[in-house]
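Have a look at input_35.tsv; it's TSV, C-alpha atoms (C1' of nucleotides) and all ligand atoms:
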chain	number	residue	atom	x	y	z
C	1	MET	CA	25.70	-5.90	8.26
C	2	ASN	CA	26.19	-9.56	7.33
C	3	LEU	CA	24.78	-11.30	10.39
C	4	SER	CA	25.38	-15.03	10.59
C	5	LEU	CA	22.58	-17.46	11.26
C	6	ASP	CA	23.99	-17.98	14.75
C	7	ASP	CA	23.88	-14.25	15.44
C	8	ILE	CA	20.29	-14.29	14.32
C	9	ARG	CA	19.28	-17.23	16.48
C	10	GLN	CA	20.80	-15.37	19.41
C	11	LYS	CA	18.90	-12.23	18.57
C	12	PHE	CA	15.66	-14.16	18.34
C	13	ARG	CA	16.29	-15.69	21.76
C	14	ASP	CA	16.96	-12.23	23.18
C	15	CYS	CA	13.64	-11.06	21.80
C	16	GLY	CA	11.70	-14.06	23.04
C	17	LEU	CA	11.00	-15.31	19.54
C	18	LYS	CA	11.11	-18.91	18.45
C	19	SER	CA	13.94	-19.66	16.11
C	20	THR	CA	13.12	-21.74	13.07
C	21	PRO	CA	15.25	-22.25	9.98
C	22	GLN	CA	12.68	-20.48	7.80
C	23	ARG	CA	12.38	-17.54	10.12
C	24	ALA	CA	16.12	-17.13	10.49
C	25	SER	CA	16.68	-17.34	6.73
C	26	ILE	CA	14.00	-14.81	5.95
C	27	TYR	CA	15.37	-12.39	8.52
C	28	GLN	CA	18.92	-12.96	7.34
C	29	ALA	CA	17.97	-12.17	3.76
C	30	LEU	CA	16.26	-8.99	4.91
C	31	VAL	CA	18.84	-7.73	7.38
C	32	ASN	CA	21.68	-8.23	4.94
C	33	SER	CA	19.92	-6.31	2.20
C	34	THR	CA	19.66	-2.59	1.58
C	35	ALA	CA	17.11	-3.00	-1.21
C	36	HIS	CA	13.94	-2.93	0.92
C	37	PRO	CA	12.57	-6.11	-0.67
C	38	THR	CA	8.97	-7.20	-0.98
C	39	ALA	CA	7.64	-10.39	0.61
C	40	GLU	CA	7.86	-11.99	-2.82
C	41	ASP	CA	11.49	-10.89	-3.20
C	42	LEU	CA	12.37	-12.53	0.11
C	43	PHE	CA	10.44	-15.64	-0.87
C	44	ALA	CA	12.38	-15.86	-4.12
C	45	GLN	CA	15.68	-15.40	-2.34
C	46	VAL	CA	15.11	-17.97	0.40
C	47	SER	CA	13.19	-20.53	-1.67
C	48	PRO	CA	16.24	-22.20	-3.25
C	49	THR	CA	17.50	-23.12	0.24
C	50	TYR	CA	14.07	-24.11	1.55
C	51	PRO	CA	12.09	-25.44	-1.39
C	52	MET	CA	9.09	-26.16	0.84
C	53	LEU	CA	8.90	-22.56	2.00
C	54	SER	CA	5.49	-20.99	1.66
C	55	LEU	CA	4.97	-17.37	0.71
C	56	ASN	CA	2.46	-17.40	3.53
C	57	THR	CA	5.24	-18.08	5.99
C	58	VAL	CA	7.14	-15.08	4.68
C	59	TYR	CA	4.16	-12.83	5.38
C	60	TYR	CA	3.57	-14.38	8.80
C	61	THR	CA	7.24	-14.06	9.70
C	62	LEU	CA	7.32	-10.43	8.67
C	63	THR	CA	4.34	-9.57	10.85
C	64	VAL	CA	5.87	-11.42	13.80
C	65	LEU	CA	9.20	-9.67	13.36
C	66	GLY	CA	7.30	-6.45	12.85
C	67	SER	CA	5.45	-6.62	16.13
C	68	ALA	CA	8.70	-7.54	17.85
C	69	GLY	CA	10.13	-4.32	16.48
C	70	LEU	CA	12.82	-5.99	14.37
C	71	VAL	CA	11.32	-5.13	11.03
C	72	GLN	CA	9.50	-2.13	9.65
C	73	GLU	CA	7.37	-1.58	6.60
C	74	VAL	CA	8.38	1.09	4.13
C	75	ASN	CA	5.51	2.47	2.09
C	76	ILE	CA	6.28	3.98	-1.24
C	77	GLY	CA	2.85	3.47	-2.69
C	78	HIS	CA	-0.27	1.54	-1.97
C	79	ASP	CA	0.70	-1.28	-4.29
C	80	ARG	CA	2.90	-3.64	-2.35
C	81	ALA	CA	4.68	-3.60	0.98
C	82	ARG	CA	8.43	-3.21	1.20
C	83	TYR	CA	10.34	-4.26	4.30
C	84	ASP	CA	13.33	-2.90	6.17
C	85	ALA	CA	15.34	-4.40	9.02
C	86	ASN	CA	17.62	-1.40	9.34
C	87	LEU	CA	16.65	-0.07	12.75
C	88	SER	CA	19.02	2.88	12.91
C	89	PRO	CA	17.18	6.12	12.31
C	90	HIS	CA	17.23	6.92	8.65
C	91	HIS	CA	15.18	8.20	5.75
C	92	HIS	CA	14.53	7.20	2.17
C	93	VAL	CA	14.90	8.36	-1.39
C	94	ILE	CA	12.47	6.76	-3.80
C	95	CYS	CA	12.89	6.64	-7.55
C	96	GLN	CA	9.53	7.17	-9.16
C	97	GLY	CA	10.68	5.34	-12.24
C	98	CYS	CA	12.02	2.01	-11.00
C	99	GLN	CA	10.67	2.21	-7.44
C	100	ASP	CA	14.11	1.72	-5.98
C	101	ILE	CA	14.50	2.81	-2.38
C	102	ILE	CA	17.83	4.18	-1.17
C	103	ASP	CA	18.68	4.72	2.47
C	104	VAL	CA	19.51	8.25	3.57
C	105	MET	CA	21.42	8.62	6.77
C	106	ASP	CA	21.79	12.31	7.37
C	107	SER	CA	21.86	13.27	11.01
C	108	ARG	CA	20.51	16.73	10.24
C	109	LEU	CA	17.19	15.06	9.49
C	110	ASP	CA	17.04	13.18	12.77
C	111	SER	CA	16.15	16.05	15.05
C	112	LEU	CA	13.48	18.05	13.31
C	113	ALA	CA	11.39	20.21	15.58
C	114	PRO	CA	7.95	18.78	16.33
C	115	PRO	CA	5.37	20.26	13.99
C	116	THR	CA	3.24	23.20	15.08
C	117	GLY	CA	-0.51	23.43	14.97
C	118	LEU	CA	-1.38	19.90	16.01
C	119	PRO	CA	-4.16	18.95	18.43
C	120	LYS	CA	-2.34	19.06	21.78
C	121	ASP	CA	-3.34	15.53	22.66
C	122	PHE	CA	-1.63	14.07	19.61
C	123	ASP	CA	1.36	11.93	20.56
C	124	ILE	CA	4.06	11.85	17.88
C	125	THR	CA	6.25	8.77	18.17
C	126	SER	CA	8.38	8.96	15.04
C	127	TYR	CA	8.76	10.58	11.68
C	128	GLN	CA	10.38	9.92	8.38
C	129	VAL	CA	11.30	11.98	5.39
C	130	ALA	CA	10.54	10.52	1.96
C	131	PHE	CA	12.42	12.13	-0.90
C	132	ARG	CA	11.12	11.43	-4.37
C	133	GLY	CA	12.73	11.81	-7.74
C	134	TYR	CA	14.45	9.90	-10.49
C	135	CYS	CA	17.62	7.86	-10.43
C	136	GLY	CA	20.25	8.13	-13.13
C	137	SER	CA	18.80	5.41	-15.33
C	138	CYS	CA	15.20	6.59	-14.99
C	139	ARG	CA	15.83	10.26	-15.60
C	140	GLN	CA	15.03	10.44	-19.31
C	141	SER	CA	11.70	8.64	-18.91
C	142	GLN	CA	10.47	11.21	-16.38
C	143	SER	CA	7.08	12.20	-17.85
C	144	PRO	CA	5.84	15.76	-17.33
C	145	ASN	CA	2.30	16.64	-16.24
C	146	LYS	CA	-0.21	16.83	-19.05
C	147	GLY	CA	-2.22	20.00	-18.33
C	148	CYS	CA	-1.67	22.87	-15.94
N	1	MET	CA	-11.42	26.13	0.23
N	2	ASN	CA	-15.05	25.58	-0.80
N	3	LEU	CA	-14.78	25.82	-4.54
N	4	SER	CA	-18.07	26.00	-6.42
N	5	LEU	CA	-18.82	23.72	-9.33
N	6	ASP	CA	-18.37	26.70	-11.64
N	7	ASP	CA	-14.93	27.40	-10.24
N	8	ILE	CA	-14.08	23.79	-10.86
N	9	ARG	CA	-15.34	23.76	-14.43
N	10	GLN	CA	-13.17	26.81	-15.04
N	11	LYS	CA	-10.16	25.14	-13.50
N	12	PHE	CA	-10.68	22.05	-15.65
N	13	ARG	CA	-10.85	24.22	-18.75
N	14	ASP	CA	-7.62	25.93	-17.74
N	15	CYS	CA	-5.96	22.56	-17.39
N	16	GLY	CA	-7.28	21.26	-20.70
N	17	LEU	CA	-9.47	18.65	-19.02
N	18	LYS	CA	-12.98	17.77	-20.10
N	19	SER	CA	-15.57	18.80	-17.61
N	20	THR	CA	-18.22	16.26	-16.74
N	21	PRO	CA	-20.66	16.35	-13.84
N	22	GLN	CA	-19.14	13.25	-12.29
N	23	ARG	CA	-15.61	14.55	-12.59
N	24	ALA	CA	-16.49	17.94	-11.16
N	25	SER	CA	-18.36	16.40	-8.22
N	26	ILE	CA	-15.55	14.03	-7.39
N	27	TYR	CA	-12.99	16.81	-7.49
N	28	GLN	CA	-15.24	19.10	-5.49
N	29	ALA	CA	-15.67	16.49	-2.77
N	30	LEU	CA	-11.92	16.03	-2.62
N	31	VAL	CA	-10.80	19.63	-2.78
N	32	ASN	CA	-13.23	20.69	-0.07
N	33	SER	CA	-12.07	17.95	2.29
N	34	THR	CA	-9.09	17.81	4.61
N	35	ALA	CA	-9.62	14.15	5.45
N	36	HIS	CA	-7.55	12.64	2.64
N	37	PRO	CA	-10.35	10.29	1.59
N	38	THR	CA	-10.10	6.98	-0.22
N	39	ALA	CA	-11.67	6.34	-3.61
N	40	GLU	CA	-14.45	4.53	-1.80
N	41	ASP	CA	-15.00	7.50	0.52
N	42	LEU	CA	-15.39	9.80	-2.45
N	43	PHE	CA	-17.70	7.33	-4.16
N	44	ALA	CA	-19.89	7.19	-1.05
N	45	GLN	CA	-19.99	10.94	-0.82
N	46	VAL	CA	-20.83	11.63	-4.45
N	47	SER	CA	-23.12	8.64	-5.04
N	48	PRO	CA	-26.27	10.19	-3.51
N	49	THR	CA	-26.11	12.98	-6.09
N	50	TYR	CA	-25.15	10.67	-8.98
N	51	PRO	CA	-26.74	7.31	-8.28
N	52	MET	CA	-25.37	5.91	-11.53
N	53	LEU	CA	-21.80	6.78	-10.58
N	54	SER	CA	-19.36	3.92	-10.88
N	55	LEU	CA	-16.52	3.38	-8.46
N	56	ASN	CA	-14.52	2.76	-11.58
N	57	THR	CA	-15.11	6.32	-12.66
N	58	VAL	CA	-13.79	7.56	-9.34
N	59	TYR	CA	-10.55	5.68	-9.88
N	60	TYR	CA	-10.28	6.82	-13.47
N	61	THR	CA	-10.98	10.42	-12.51
N	62	LEU	CA	-8.38	10.34	-9.79
N	63	THR	CA	-5.70	9.09	-12.15
N	64	VAL	CA	-6.62	11.73	-14.73
N	65	LEU	CA	-6.55	14.50	-12.14
N	66	GLY	CA	-3.36	12.99	-10.81
N	67	SER	CA	-1.52	13.16	-14.11
N	68	ALA	CA	-2.79	16.71	-14.57
N	69	GLY	CA	-1.14	17.54	-11.28
N	70	LEU	CA	-4.36	18.50	-9.50
N	71	VAL	CA	-4.42	15.55	-7.13
N	72	GLN	CA	-1.78	13.62	-5.26
N	73	GLU	CA	-1.76	10.27	-3.55
N	74	VAL	CA	-0.87	10.08	0.11
N	75	ASN	CA	0.47	6.73	1.19
N	76	ILE	CA	0.13	5.78	4.79
N	77	GLY	CA	0.40	2.05	4.26
N	78	HIS	CA	0.24	-0.39	1.43
N	79	ASP	CA	-3.43	-1.12	2.02
N	80	ARG	CA	-5.43	1.54	0.21
N	81	ALA	CA	-4.71	4.82	-1.51
N	82	ARG	CA	-5.67	8.12	0.04
N	83	TYR	CA	-6.01	11.25	-2.06
N	84	ASP	CA	-5.21	14.91	-1.52
N	85	ALA	CA	-6.08	17.94	-3.64
N	86	ASN	CA	-4.24	20.36	-1.38
N	87	LEU	CA	-1.41	21.49	-3.63
N	88	SER	CA	0.27	23.90	-1.25
N	89	PRO	CA	3.45	22.37	0.15
N	90	HIS	CA	2.64	20.57	3.36
N	91	HIS	CA	3.30	17.46	5.37
N	92	HIS	CA	1.25	14.90	7.27
N	93	VAL	CA	0.67	13.46	10.68
N	94	ILE	CA	-0.75	9.96	10.65
N	95	CYS	CA	-2.52	8.31	13.57
N	96	GLN	CA	-1.49	4.68	13.71
N	97	GLY	CA	-4.70	3.82	15.50
N	98	CYS	CA	-7.49	5.25	13.35
N	99	GLN	CA	-5.38	6.02	10.26
N	100	ASP	CA	-6.47	9.63	10.29
N	101	ILE	CA	-4.25	11.99	8.34
N	102	ILE	CA	-3.82	15.57	9.50
N	103	ASP	CA	-2.21	18.28	7.40
N	104	VAL	CA	0.90	19.95	8.77
N	105	MET	CA	1.80	23.28	7.32
N	106	ASP	CA	5.04	24.30	8.96
N	107	SER	CA	7.27	26.38	6.75
N	108	ARG	CA	10.38	25.22	8.61
N	109	LEU	CA	9.85	21.84	6.96
N	110	ASP	CA	9.64	23.22	3.46
N	111	SER	CA	13.29	24.00	2.91
N	112	LEU	CA	15.25	21.04	4.19
N	113	ALA	CA	18.72	20.72	2.79
N	114	PRO	CA	19.04	18.04	0.10
N	115	PRO	CA	20.29	14.78	1.63
N	116	THR	CA	23.95	13.89	1.50
N	117	GLY	CA	25.45	10.69	0.22
N	118	LEU	CA	23.22	10.14	-2.79
N	119	PRO	CA	24.38	8.96	-6.20
N	120	LYS	CA	25.18	12.27	-7.92
N	121	ASP	CA	22.92	11.51	-10.86
N	122	PHE	CA	19.85	11.20	-8.66
N	123	ASP	CA	17.37	13.99	-9.32
N	124	ILE	CA	15.24	14.83	-6.27
N	125	THR	CA	11.97	16.51	-7.25
N	126	SER	CA	10.09	16.68	-3.94
N	127	TYR	CA	9.97	15.40	-0.42
N	128	GLN	CA	7.51	14.98	2.36
N	129	VAL	CA	7.72	14.40	6.07
N	130	ALA	CA	5.39	11.80	7.56
N	131	PHE	CA	4.94	12.03	11.30
N	132	ARG	CA	3.42	9.02	13.00
N	133	GLY	CA	1.83	8.63	16.38
N	134	TYR	CA	-1.51	8.40	18.11
N	135	CYS	CA	-4.34	10.89	18.27
N	136	GLY	CA	-6.14	11.69	21.49
N	137	SER	CA	-8.78	9.01	21.13
N	138	CYS	CA	-6.37	6.30	20.02
N	139	ARG	CA	-3.74	6.90	22.67
N	140	GLN	CA	-4.79	4.27	25.21
N	141	SER	CA	-4.97	1.48	22.62
N	142	GLN	CA	-1.36	2.09	21.58
N	143	SER	CA	0.09	-1.44	21.80
N	144	PRO	CA	3.72	-1.85	22.84
N	145	ASN	CA	6.15	-4.16	21.06
N	146	LYS	CA	6.12	-7.75	22.24
N	147	GLY	CA	9.79	-8.66	22.63
N	148	CYS	CA	12.94	-6.57	22.55
V	1	DT	C1'	-25.49	20.20	-35.96
V	2	DC	C1'	-22.23	16.51	-36.60
V	3	DC	C1'	-17.90	13.92	-35.58
V	4	DT	C1'	-14.50	12.03	-32.96
V	5	DG	C1'	-11.94	11.00	-29.19
V	6	DT	C1'	-12.70	10.85	-24.35
V	7	DT	C1'	-15.50	9.38	-20.50
V	8	DT	C1'	-18.63	6.46	-18.22
V	9	DA	C1'	-20.81	2.17	-16.23
V	10	DG	C1'	-20.75	-2.32	-15.48
V	11	DG	C1'	-18.84	-6.64	-15.25
V	12	DA	C1'	-14.85	-9.48	-15.24
V	13	DA	C1'	-9.99	-10.07	-14.09
V	14	DT	C1'	-5.89	-9.32	-11.43
V	15	DG	C1'	-2.83	-9.67	-7.71
V	16	DA	C1'	-1.23	-8.76	-3.08
V	17	DT	C1'	-2.48	-10.05	1.27
V	18	DT	C1'	-5.15	-12.59	4.69
V	19	DA	C1'	-7.93	-16.51	6.55
V	20	DC	C1'	-8.43	-21.28	7.51
V	21	DT	C1'	-6.71	-25.62	8.94
V	22	DA	C1'	-4.23	-29.87	9.39
V	23	DT	C1'	0.42	-31.19	10.27
V	24	DG	C1'	5.05	-30.25	12.06
V	25	DT	C1'	8.23	-28.71	15.41
V	26	DA	C1'	10.77	-25.57	19.05
V	27	DG	C1'	11.28	-25.01	23.57
V	28	DC	C1'	10.30	-26.27	27.99
V	29	DA	C1'	9.64	-29.27	31.94
V	30	DA	C1'	9.29	-33.71	34.05
P	1	DT	C1'	15.76	-38.05	27.18
P	2	DT	C1'	11.02	-37.87	26.47
P	3	DG	C1'	6.59	-35.97	26.10
P	4	DC	C1'	3.51	-31.85	25.95
P	5	DT	C1'	1.82	-27.86	24.26
P	6	DA	C1'	1.69	-23.70	22.08
P	7	DC	C1'	3.35	-21.71	18.20
P	8	DA	C1'	4.99	-22.16	13.24
P	9	DT	C1'	4.46	-23.94	8.65
P	10	DA	C1'	2.39	-25.13	4.10
P	11	DG	C1'	-1.24	-25.46	1.21
P	12	DT	C1'	-5.46	-23.96	-0.28
P	13	DA	C1'	-9.20	-20.89	-0.45
P	14	DA	C1'	-11.00	-16.32	0.33
P	15	DT	C1'	-10.79	-11.28	0.38
P	16	DC	C1'	-10.60	-6.91	-1.43
P	17	DA	C1'	-8.54	-2.84	-3.61
P	18	DT	C1'	-7.48	-1.75	-8.01
P	19	DT	C1'	-7.21	-2.47	-12.97
P	20	DC	C1'	-8.83	-4.23	-17.41
P	21	DC	C1'	-12.25	-4.59	-21.04
P	22	DT	C1'	-16.07	-3.04	-23.76
P	23	DA	C1'	-20.22	-0.96	-25.42
P	24	DA	C1'	-22.77	3.12	-24.94
P	25	DA	C1'	-22.91	8.15	-23.74
P	26	DC	C1'	-21.21	12.57	-24.31
P	27	DA	C1'	-18.09	17.02	-24.32
P	28	DG	C1'	-16.02	20.05	-27.14
P	29	DG	C1'	-14.56	21.61	-31.37
P	30	DA	C1'	-15.39	22.08	-36.55
C	201	MN	MN	15.85	1.81	4.84
C	202	MN	MN	-2.69	16.83	2.94
C	203	ZN	ZN	15.01	4.55	-11.10
C	204	ZN	ZN	-6.43	7.98	15.98
Would you encode the structure as C-alpha cells?
Ligand SMILES: [Mn+2]
Ligand SMILES: [Mn+2]
Ligand SMILES: [Zn+2]
Ligand SMILES: [Zn+2]
Amino acid sequence: MNLSLDDIRQKFRDCGLKSTPQRASIYQALVNSTAHPTAEDLFAQVSPTYPMLSLNTVYYTLTVLGSAGLVQEVNIGHDRARYDANLSPHHHVICQGCQDIIDVMDSRLDSLAPPTGLPKDFDITSYQVAFRGYCGSCRQSQSPNKGC
Amino acid sequence: MNLSLDDIRQKFRDCGLKSTPQRASIYQALVNSTAHPTAEDLFAQVSPTYPMLSLNTVYYTLTVLGSAGLVQEVNIGHDRARYDANLSPHHHVICQGCQDIIDVMDSRLDSLAPPTGLPKDFDITSYQVAFRGYCGSCRQSQSPNKGC
DNA sequence: TCCTGTTTAGGAATGATTACTATGTAGCAA
DNA sequence: TTGCTACATAGTAATCATTCCTAAACAGGA
C-alpha cells in the first residue's frame, strides 16, 4: 500500500476521526504492514519517532479505528490480539510454530454458500477461513500428538 | 453424545492417559456439551461434584487432552479460550453479541481447495471457517460503525 | 503391596488489556 | 486569530485469564 501521512490525514477526515500525529503514525505502521502486528509491535515501531508515545494510546487508537471500520482484529489464539488494516476480503494462513499470519486472497473463498442448519433468525454478516499449518522454517519442529 | 464415565475411562486408557475422577468429569462435561465452554464454565459445572477441584486442574487437564488430540481450542477473540471436544470436522458460527458459538456441519465446507499463492514450503494441516453475525436475540443491539 | 512418575490443589506470579485521571490538543466557531 | 470544548494522550494502577511453582496425593505397573 504505502500510504503517506497526508493520505492518512485525509482518510481520517473522511471518516470523521480526529487526526493526531500518534494516531496517523500508528495507522500508517499498520496499513503498510502485512505482518498483522500486535499492539506492542506497533508501539515498538512508532516509539522511535514519538518517544512519549504510550502503549495505552496504541490500544485506544486501535479500538477507535476498529469501531470506525478501518481496522480489524485477527484472532489466532486467545493469547494476544493481532491487527489488520487490509480491508479487502481475504483469509489467513497461520503457522502454528512461529505464529506468523499470511494473507490469502483467493476469490474462490469469497463466495461460499451460507451454511445450512442454522437457526433461521441468525444473521450472518461475514466469514473468514483460517488455514493452519507449518511454514518452511517451522516444519521440522512440528510435534505429533502424544496418544491416540 | 452422552458418554458415560466408563466410556471415558476406556477412551483414556486407549489414548494412554491416566484416568482420574477430575479428569473424567471435566472431559465428560465438555464432550456432552455443544456450547464450547470456557475453562471457568467447566470448573463451575464440575465443582459441585468435586468441591476440592482446582481451576488449575481444569487448565492442566485441557492442555493434556489437547495434546492427546481429544480437545481443541476454539478462538473467537483474544479474550478467553473456548474448548471443543467435537472431533468430527465442522465449522462455527459466532454471535458477535452474546459470543455464542454454534456448530456448523456442512460437508460442502470440508473439501475446500488449498489456497493459491502460498510459499510452496508451507504445509497446511487443517482449516476452519468462522462465520460471524448476530443471533436472534442479539440482532437489535447490532451497533453500526461510527464513521466511514 | 510398593514405587515412581504423573496429577492435583493452592497460592503466587505473569502479562496482556483495561480503567482512571490530569493534562494536552484538534477542530470548530465567534 | 482566539478561545472553547470535547476528545486524545500519557502515566499509573487495576483487572483478569492463564501459567508457574511446590508439596502432597494417587494411578498404574512391577
Ligand atoms: Mn490479513
Ligand atoms: Mn464445535
Ligand atoms: Zn512458522
Ligand atoms: Zn447472540
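Relative to CA of Leu62 (chain N), C1' of DG28 (chain P) is found at 21.3 Å.
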Record the distance separating CA of Ile94 (chain N) and CA of Cys135 (chain N), expressed in Å with one decimal.
->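 Going from CA of Ile94 (chain N) over to CA of Cys135 (chain N), I get 8.5 Å.
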Go ahead and compute the interatomic distance for CA of Pro115 (chain C) and CA of His92 (chain C), in Å to one decimal.
->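 Computing the Euclidean distance for CA of Pro115 (chain C) and CA of His92 (chain C) yields 19.9 Å.
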I'm after chain N in the frame of chain C: fit it by least squares over all Cα atoms matched in order, and give me the output as a short mmCIF file (atom, residue, chain, number, x, y, z; two decimals) with C-alpha atoms, in the frame of the given file.
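Dumped to part20.cif:
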data_model
loop_
_atom_site.label_atom_id
_atom_site.label_comp_id
_atom_site.auth_asym_id
_atom_site.auth_seq_id
_atom_site.Cartn_x
_atom_site.Cartn_y
_atom_site.Cartn_z
CA MET N 1 25.75 -5.96 8.31
CA ASN N 2 26.19 -9.62 7.33
CA LEU N 3 24.79 -11.34 10.37
CA SER N 4 25.37 -15.08 10.55
CA LEU N 5 22.55 -17.50 11.22
CA ASP N 6 23.97 -18.01 14.71
CA ASP N 7 23.88 -14.30 15.41
CA ILE N 8 20.29 -14.31 14.30
CA ARG N 9 19.28 -17.26 16.46
CA GLN N 10 20.82 -15.42 19.39
CA LYS N 11 18.95 -12.25 18.56
CA PHE N 12 15.67 -14.16 18.33
CA ARG N 13 16.31 -15.70 21.73
CA ASP N 14 16.99 -12.26 23.17
CA CYS N 15 13.70 -11.05 21.79
CA GLY N 16 11.75 -14.05 23.05
CA LEU N 17 11.02 -15.29 19.54
CA LYS N 18 11.11 -18.91 18.47
CA SER N 19 13.91 -19.67 16.12
CA THR N 20 13.08 -21.72 13.06
CA PRO N 21 15.20 -22.23 9.96
CA GLN N 22 12.67 -20.47 7.77
CA ARG N 23 12.37 -17.52 10.10
CA ALA N 24 16.11 -17.13 10.47
CA SER N 25 16.67 -17.33 6.71
CA ILE N 26 14.00 -14.78 5.96
CA TYR N 27 15.37 -12.37 8.53
CA GLN N 28 18.92 -12.96 7.34
CA ALA N 29 17.97 -12.17 3.75
CA LEU N 30 16.29 -8.99 4.90
CA VAL N 31 18.85 -7.73 7.37
CA ASN N 32 21.71 -8.23 4.93
CA SER N 33 19.93 -6.31 2.18
CA THR N 34 19.67 -2.59 1.56
CA ALA N 35 17.12 -2.99 -1.21
CA HIS N 36 13.97 -2.90 0.92
CA PRO N 37 12.58 -6.07 -0.66
CA THR N 38 8.98 -7.17 -0.96
CA ALA N 39 7.65 -10.36 0.61
CA GLU N 40 7.85 -11.94 -2.81
CA ASP N 41 11.48 -10.85 -3.20
CA LEU N 42 12.37 -12.50 0.09
CA PHE N 43 10.43 -15.62 -0.87
CA ALA N 44 12.36 -15.84 -4.14
CA GLN N 45 15.64 -15.39 -2.37
CA VAL N 46 15.07 -17.94 0.37
CA SER N 47 13.14 -20.50 -1.68
CA PRO N 48 16.19 -22.18 -3.27
CA THR N 49 17.45 -23.10 0.20
CA TYR N 50 14.00 -24.07 1.53
CA PRO N 51 12.02 -25.41 -1.41
CA MET N 52 9.05 -26.12 0.83
CA LEU N 53 8.87 -22.52 2.01
CA SER N 54 5.46 -20.93 1.69
CA LEU N 55 4.96 -17.32 0.74
CA ASN N 56 2.46 -17.35 3.54
CA THR N 57 5.23 -18.03 6.00
CA VAL N 58 7.13 -15.03 4.70
CA TYR N 59 4.17 -12.79 5.40
CA TYR N 60 3.59 -14.34 8.80
CA THR N 61 7.25 -14.03 9.71
CA LEU N 62 7.34 -10.41 8.67
CA THR N 63 4.37 -9.53 10.85
CA VAL N 64 5.89 -11.38 13.81
CA LEU N 65 9.24 -9.65 13.36
CA GLY N 66 7.35 -6.43 12.85
CA SER N 67 5.50 -6.60 16.14
CA ALA N 68 8.76 -7.53 17.85
CA GLY N 69 10.19 -4.31 16.49
CA LEU N 70 12.87 -5.98 14.38
CA VAL N 71 11.37 -5.10 11.02
CA GLN N 72 9.54 -2.10 9.66
CA GLU N 73 7.40 -1.55 6.61
CA VAL N 74 8.39 1.11 4.13
CA ASN N 75 5.52 2.45 2.09
CA ILE N 76 6.29 3.96 -1.24
CA GLY N 77 2.84 3.50 -2.71
CA HIS N 78 -0.29 1.60 -1.95
CA ASP N 79 0.66 -1.26 -4.25
CA ARG N 80 2.89 -3.61 -2.29
CA ALA N 81 4.70 -3.55 1.02
CA ARG N 82 8.44 -3.18 1.23
CA TYR N 83 10.36 -4.23 4.32
CA ASP N 84 13.37 -2.88 6.17
CA ALA N 85 15.38 -4.40 9.01
CA ASN N 86 17.66 -1.39 9.34
CA LEU N 87 16.68 -0.07 12.75
CA SER N 88 19.06 2.86 12.92
CA PRO N 89 17.19 6.11 12.33
CA HIS N 90 17.26 6.93 8.65
CA HIS N 91 15.21 8.21 5.77
CA HIS N 92 14.56 7.20 2.17
CA VAL N 93 14.93 8.36 -1.37
CA ILE N 94 12.48 6.76 -3.77
CA CYS N 95 12.91 6.63 -7.54
CA GLN N 96 9.53 7.18 -9.15
CA GLY N 97 10.69 5.33 -12.23
CA CYS N 98 12.04 2.00 -10.98
CA GLN N 99 10.68 2.23 -7.42
CA ASP N 100 14.12 1.72 -5.97
CA ILE N 101 14.52 2.82 -2.37
CA ILE N 102 17.85 4.18 -1.17
CA ASP N 103 18.70 4.73 2.48
CA VAL N 104 19.54 8.25 3.58
CA MET N 105 21.43 8.61 6.79
CA ASP N 106 21.78 12.31 7.40
CA SER N 107 21.84 13.25 11.04
CA ARG N 108 20.49 16.73 10.28
CA LEU N 109 17.17 15.04 9.52
CA ASP N 110 17.00 13.17 12.78
CA SER N 111 16.12 16.04 15.07
CA LEU N 112 13.44 18.04 13.33
CA ALA N 113 11.35 20.19 15.60
CA PRO N 114 7.90 18.75 16.32
CA PRO N 115 5.32 20.25 13.95
CA THR N 116 3.20 23.17 15.04
CA GLY N 117 -0.55 23.41 14.91
CA LEU N 118 -1.42 19.88 15.98
CA PRO N 119 -4.20 18.93 18.37
CA LYS N 120 -2.40 19.06 21.73
CA ASP N 121 -3.40 15.52 22.62
CA PHE N 122 -1.67 14.06 19.58
CA ASP N 123 1.31 11.93 20.56
CA ILE N 124 4.01 11.83 17.87
CA THR N 125 6.21 8.75 18.18
CA SER N 126 8.36 8.93 15.04
CA TYR N 127 8.74 10.54 11.68
CA GLN N 128 10.39 9.89 8.39
CA VAL N 129 11.32 11.97 5.40
CA ALA N 130 10.57 10.51 1.97
CA PHE N 131 12.43 12.13 -0.88
CA ARG N 132 11.13 11.41 -4.36
CA GLY N 133 12.73 11.82 -7.73
CA TYR N 134 14.44 9.89 -10.48
CA CYS N 135 17.62 7.86 -10.42
CA GLY N 136 20.24 8.13 -13.12
CA SER N 137 18.79 5.43 -15.33
CA CYS N 138 15.19 6.58 -14.97
CA ARG N 139 15.82 10.26 -15.58
CA GLN N 140 15.00 10.42 -19.29
CA SER N 141 11.68 8.60 -18.90
CA GLN N 142 10.47 11.16 -16.36
CA SER N 143 7.06 12.11 -17.81
CA PRO N 144 5.83 15.67 -17.35
CA ASN N 145 2.29 16.53 -16.27
CA LYS N 146 -0.24 16.73 -19.06
CA GLY N 147 -2.18 19.93 -18.37
CA CYS N 148 -1.59 22.77 -15.94
#
Residues up to 8 Å from ligand ZN 203 (chain C), counting only C-alpha atoms (C1' of nucleotides) and all ligand atoms: could you list those as an MDAnalysis selection string?
-> chainID C and resid 95:100 134:139
Residues of chain C near chain V: apply a cut-off of 9 Å, count all atoms listed in the file, and supply the list as a list in words.
->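 The selection requested is Lys18, Ser19, Thr20, Tyr59, Asp79, Arg80 and Ala81 of chain C.
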Output as a PyMOL selection string the set of chain N residues within 7 Å of chain C, with distances taken over all atoms listed in the file.
-> chain N and resi 14-16+67-69+75-81+104+106+115-116+121-136+145-148
Could the residues of chain P within 10 Å of chain C, counting only C-alpha atoms (C1' of nucleotides), be given as a list in words, please?
->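 On the chain P side, the interface is DC7, DA8, DT9, DA10, DG11, DA17 and DT18 of chain P.
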Excluding Asn32 (chain N) and residues on its chain fewer than 6 positions from it, collect all residues at most 12 Å away from it, counting only C-alpha atoms (C1' of nucleotides), and give them as a CSV table (one decimal) with C-alpha atoms, in the coordinates of the input.
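out_28.csv written:
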chain,number,residue,atom,x,y,z
N,1,MET,CA,-11.4,26.1,0.2
N,2,ASN,CA,-15.0,25.6,-0.8
N,3,LEU,CA,-14.8,25.8,-4.5
N,4,SER,CA,-18.1,26.0,-6.4
N,5,LEU,CA,-18.8,23.7,-9.3
N,8,ILE,CA,-14.1,23.8,-10.9
N,24,ALA,CA,-16.5,17.9,-11.2
N,25,SER,CA,-18.4,16.4,-8.2
N,26,ILE,CA,-15.6,14.0,-7.4
N,42,LEU,CA,-15.4,9.8,-2.4
N,45,GLN,CA,-20.0,10.9,-0.8
N,84,ASP,CA,-5.2,14.9,-1.5
N,85,ALA,CA,-6.1,17.9,-3.6
N,86,ASN,CA,-4.2,20.4,-1.4
